[in-house]
Amino acid sequence: MKKTSFSMTNSPQNLTRSSVITEMHSQLGTLSKNLEPMAKIIPPGPQRIRGIAGSGKTVLLCQKAAYMHLQNPDWDIALVFFTRSLYDLMENQVNKWLKYFSDGKLEYEKCNSKLKVFHAWGTDEKNGLYRKIRKAHNFKPEPHNYPNYSPPEQLAKVVIQLLEAREIKPMFDAILIDEGNDLVVRDELKYQGKQPIYWLAWQALRPVNPEKPQQKRLIWAYDEAQTLHSLKIPTAKELFGEELSDLVKGMDKGAISKSIIMKQCFRTPHSILTAAHAIGMGLFRPDGMLSGYTNKKDWQNIGYQVEGSFNNGQTITLSRPSENSPNPIPHIWKKPVLEFNIYKTREAELTVLAEKIKYNLEQDRLNPSRNILVIILGSSREEAMALQQEVGEFLIEQNINIYIPSASNINDLERNDRNRNQFWHEEGITISLIHRAKGNEADMVYIIGVDKIAKNESNINLRNALFVALTRARGWAVLSGIGDYPMYQEIRQVIDIAESGKPFTFTYKRSPQWNLNDR
């Protein structure tokens, strides 16, 4: 397969990427305020927010938490997330909206506020939802070591210890959970048929109405396509069991919906988002799609229009109206925003990566931090870390300052547990594994090691990782890999269609292994 040569010239108007980004922000700047009406609706019970990647779920939750706190300063409110590197982002968002809704009179106070921004677990240095509840119940867990468990599974194990040892007393008036899909674990780790982390949160909530003990203000947000740990979807039935399966169906008093769907993507440009869905789900695989939706309603819920029926052998056409992807960069730039480059060797791949980054810094006038992000793929954490080390060493040799999340400083390839929450460094370009990159975003995203996915293209989790990587991009994304694999032709076909703006037309061959239909 032919290698794409290095090319990063400016757009026809001789715009730099930095000037395009400035224009994008001027056009999109007010869109987060469009969420304000939803943010100001305080549900009298549980609420589910199901949104496409880049739809503003995190912003909406931060707005809701801030507004809820201003209207009810005596409430104990917890805003919970899972990716450690999002601490600063979440706290800054809460602070921003507290100031906005209070006309500058109130800011977020970590220590004194009744509103708490919590990691789901917490550490010795920082409180978290589990740690806060555990300490309040004077419970010390048994020593644990679960090396073969994912982080959510490790958390679930200690949560189960707490649930079995103590009757949880209500402590909060409202709990809002972001990245809800990351807190779901496999059936074997459930507690009495319920998801442990969610059940702990549910038990820790005070009923809104003492006469209705099941009316609790738990709000959770998720995008099922962004999961990296589990292939389970956080529906009410999955989280709380059969007896509470109708928890978020219908409306509350005042016509307040118990379930919100967000189908517009503000962050990721149209072609990158649609390509991410097509590649992540495997719509153009010769053997048929691996995951995805099989009814029109669910495709419409994430902003697509569908022609055809999901019966074996039938032709399906998917299109995404431009109003559902309002990011203006493709219209300003007037050139492709998504590339896929293939090389014979890793050295060749990294040589072009270095050239492109230097161009971004010198000609595009991008900042190394937050404007540019390098994401490393791998079929295992160990494989991805080895490639991360290789990329870091290569870029340092090319006199490019890099930052490994949680390291003590730039150009330091060793992680430091004391900096586990740090993702960016002002003087270096972040090189991240996919799990740390989730929830973060950048204007220029480089995704290295697509061959690691292509070697095992039928692995749904690996395709999900590629989906998450692509949807970190606010402006441009460059995929690259080495070797020659059948999946490369699939990726090339998808990108060509996505960049042309044409609909995706494919043959539905069989039911996907992972059906994302809302249940």
# chains A, B, ... in the order shown; residues from 1 in each chain; ligands from 1
>>> residues_around(residues="region 490-497 of chain A", least_positions_apart="2", cutoff="8 Å", atoms="only C-alpha atoms", output="PDB file with C-alpha atoms, in the first residue's frame")
ATOM      1  CA  SER A 271     -15.811  14.008   8.726  1.00  0.00           C
ATOM      2  CA  ALA A 275     -15.279   8.225  10.186  1.00  0.00           C
ATOM      3  CA  ALA A 278     -17.799   3.882  10.799  1.00  0.00           C
ATOM      4  CA  ILE A 279     -14.347   2.564  11.736  1.00  0.00           C
ATOM      5  CA  PHE A 284     -17.409  -1.556   6.058  1.00  0.00           C
ATOM      6  CA  ARG A 285     -15.816  -4.760   7.336  1.00  0.00           C
ATOM      7  CA  LEU A 338      -8.508  13.766   8.481  1.00  0.00           C
ATOM      8  CA  GLU A 339      -5.479  11.861   7.148  1.00  0.00           C
ATOM      9  CA  PHE A 340      -4.311   8.257   7.177  1.00  0.00           C
ATOM     10  CA  PRO A 486      -6.649  -5.603   5.286  1.00  0.00           C
ATOM     11  CA  MET A 487      -8.123  -3.101   7.749  1.00  0.00           C
ATOM     12  CA  TYR A 488      -6.097  -0.336   6.122  1.00  0.00           C
ATOM     13  CA  GLU A 499     -14.125  13.700   3.558  1.00  0.00           C
ATOM     14  CA  SER A 500     -16.310  13.789   0.430  1.00  0.00           C
ATOM     15  CA  GLY A 501     -19.359  14.522   2.560  1.00  0.00           C
ATOM     16  CA  LYS A 502     -21.284  11.673   0.971  1.00  0.00           C
ATOM     17  CA  PRO A 503     -23.464   9.286   3.021  1.00  0.00           C
ATOM     18  CA  PHE A 504     -22.168   5.900   4.136  1.00  0.00           C
TER      19      PHE A 504
END
>>> closest_residue(among="A:His69, A:His425, A:Lys140, A:Arg267", to="Ile175 (chain A)", atoms="only C-alpha atoms")
A:His69
>>> select_by_dssp(residues="region 286-340 of chain A", states="alpha helix (DSSP H)", output="list in words")
Lys296, Lys297, Asp298, Trp299, Gln300, Asn301, Ile329, Pro330, His331, Ile332 and Trp333 of chain A
>>> residues_around(residues="Val184 (chain A)", least_positions_apart="5", cutoff="10 Å", atoms="only C-alpha atoms", output="ChimeraX atom specification")
/A:152-153,156,179,189-190,194-198,227,229-234,238-239
>>> write_last_selection(atoms="N, CA and C atoms", output="PDB file, in the first residue's frame")
ATOM      1  N   PRO A 152     -11.885   0.123  36.933  1.00  0.00           N
ATOM      2  CA  PRO A 152     -13.256   0.096  37.453  1.00  0.00           C
ATOM      3  C   PRO A 152     -13.560  -1.190  38.217  1.00  0.00           C
ATOM      4  N   GLU A 153     -12.980  -2.307  37.776  1.00  0.00           N
ATOM      5  CA  GLU A 153     -13.210  -3.573  38.473  1.00  0.00           C
ATOM      6  C   GLU A 153     -12.543  -3.578  39.841  1.00  0.00           C
ATOM      7  N   ALA A 156     -14.782  -1.601  41.992  1.00  0.00           N
ATOM      8  CA  ALA A 156     -15.988  -2.380  42.310  1.00  0.00           C
ATOM      9  C   ALA A 156     -15.730  -3.376  43.437  1.00  0.00           C
ATOM     10  N   GLU A 179     -18.924  10.303  32.604  1.00  0.00           N
ATOM     11  CA  GLU A 179     -18.239   9.101  32.127  1.00  0.00           C
ATOM     12  C   GLU A 179     -18.902   7.841  32.695  1.00  0.00           C
ATOM     13  N   LEU A 189     -19.015  -9.310  38.820  1.00  0.00           N
ATOM     14  CA  LEU A 189     -18.620  -8.364  39.856  1.00  0.00           C
ATOM     15  C   LEU A 189     -19.794  -7.523  40.359  1.00  0.00           C
ATOM     16  N   LYS A 190     -20.999  -7.890  39.970  1.00  0.00           N
ATOM     17  CA  LYS A 190     -22.158  -7.152  40.461  1.00  0.00           C
ATOM     18  C   LYS A 190     -22.416  -7.462  41.935  1.00  0.00           C
ATOM     19  N   LYS A 194     -26.700  -5.802  40.981  1.00  0.00           N
ATOM     20  CA  LYS A 194     -26.623  -4.363  40.701  1.00  0.00           C
ATOM     21  C   LYS A 194     -25.170  -3.966  40.473  1.00  0.00           C
ATOM     22  N   GLN A 195     -24.965  -2.883  39.713  1.00  0.00           N
ATOM     23  CA  GLN A 195     -23.620  -2.357  39.519  1.00  0.00           C
ATOM     24  C   GLN A 195     -23.149  -1.732  40.833  1.00  0.00           C
ATOM     25  N   PRO A 196     -22.036  -2.223  41.410  1.00  0.00           N
ATOM     26  CA  PRO A 196     -21.653  -1.812  42.767  1.00  0.00           C
ATOM     27  C   PRO A 196     -21.456  -0.318  42.958  1.00  0.00           C
ATOM     28  N   ILE A 197     -20.766   0.338  42.034  1.00  0.00           N
ATOM     29  CA  ILE A 197     -20.440   1.750  42.223  1.00  0.00           C
ATOM     30  C   ILE A 197     -21.710   2.595  42.173  1.00  0.00           C
ATOM     31  N   TYR A 198     -22.594   2.258  41.239  1.00  0.00           N
ATOM     32  CA  TYR A 198     -23.862   2.989  41.155  1.00  0.00           C
ATOM     33  C   TYR A 198     -24.745   2.706  42.372  1.00  0.00           C
ATOM     34  N   THR A 227     -16.896   3.529  25.505  1.00  0.00           N
ATOM     35  CA  THR A 227     -16.422   2.681  26.586  1.00  0.00           C
ATOM     36  C   THR A 227     -15.063   2.067  26.268  1.00  0.00           C
ATOM     37  N   HIS A 229     -13.585   0.008  29.020  1.00  0.00           N
ATOM     38  CA  HIS A 229     -13.402  -1.048  30.007  1.00  0.00           C
ATOM     39  C   HIS A 229     -14.444  -2.158  29.905  1.00  0.00           C
ATOM     40  N   SER A 230     -15.681  -1.814  29.559  1.00  0.00           N
ATOM     41  CA  SER A 230     -16.765  -2.795  29.589  1.00  0.00           C
ATOM     42  C   SER A 230     -17.653  -2.603  28.369  1.00  0.00           C
ATOM     43  N   LEU A 231     -18.268  -3.682  27.914  1.00  0.00           N
ATOM     44  CA  LEU A 231     -19.185  -3.589  26.782  1.00  0.00           C
ATOM     45  C   LEU A 231     -20.639  -3.546  27.254  1.00  0.00           C
ATOM     46  N   LYS A 232     -20.841  -3.158  28.500  1.00  0.00           N
ATOM     47  CA  LYS A 232     -22.200  -3.049  29.032  1.00  0.00           C
ATOM     48  C   LYS A 232     -22.654  -1.588  28.973  1.00  0.00           C
ATOM     49  N   ILE A 233     -23.924  -1.400  28.717  1.00  0.00           N
ATOM     50  CA  ILE A 233     -24.499  -0.065  28.582  1.00  0.00           C
ATOM     51  C   ILE A 233     -25.219   0.302  29.878  1.00  0.00           C
ATOM     52  N   PRO A 234     -24.959   1.497  30.448  1.00  0.00           N
ATOM     53  CA  PRO A 234     -25.533   1.854  31.748  1.00  0.00           C
ATOM     54  C   PRO A 234     -27.003   2.272  31.704  1.00  0.00           C
ATOM     55  N   GLU A 238     -29.593  -2.296  33.870  1.00  0.00           N
ATOM     56  CA  GLU A 238     -28.231  -2.793  34.052  1.00  0.00           C
ATOM     57  C   GLU A 238     -27.633  -2.304  35.366  1.00  0.00           C
ATOM     58  N   LEU A 239     -27.947  -1.069  35.749  1.00  0.00           N
ATOM     59  CA  LEU A 239     -27.340  -0.486  36.937  1.00  0.00           C
ATOM     60  C   LEU A 239     -27.996  -0.954  38.225  1.00  0.00           C
TER      61      LEU A 239
END
>>> atom_distance(atom1="CA of Ala221 (chain A)", atom2="CA of Ile260 (chain A)")
9.1 Å
>>> residues_around(residues="Lys57 (chain A)", least_positions_apart="4", cutoff="9 Å", atoms="only C-alpha atoms", output="count of residues only")
13
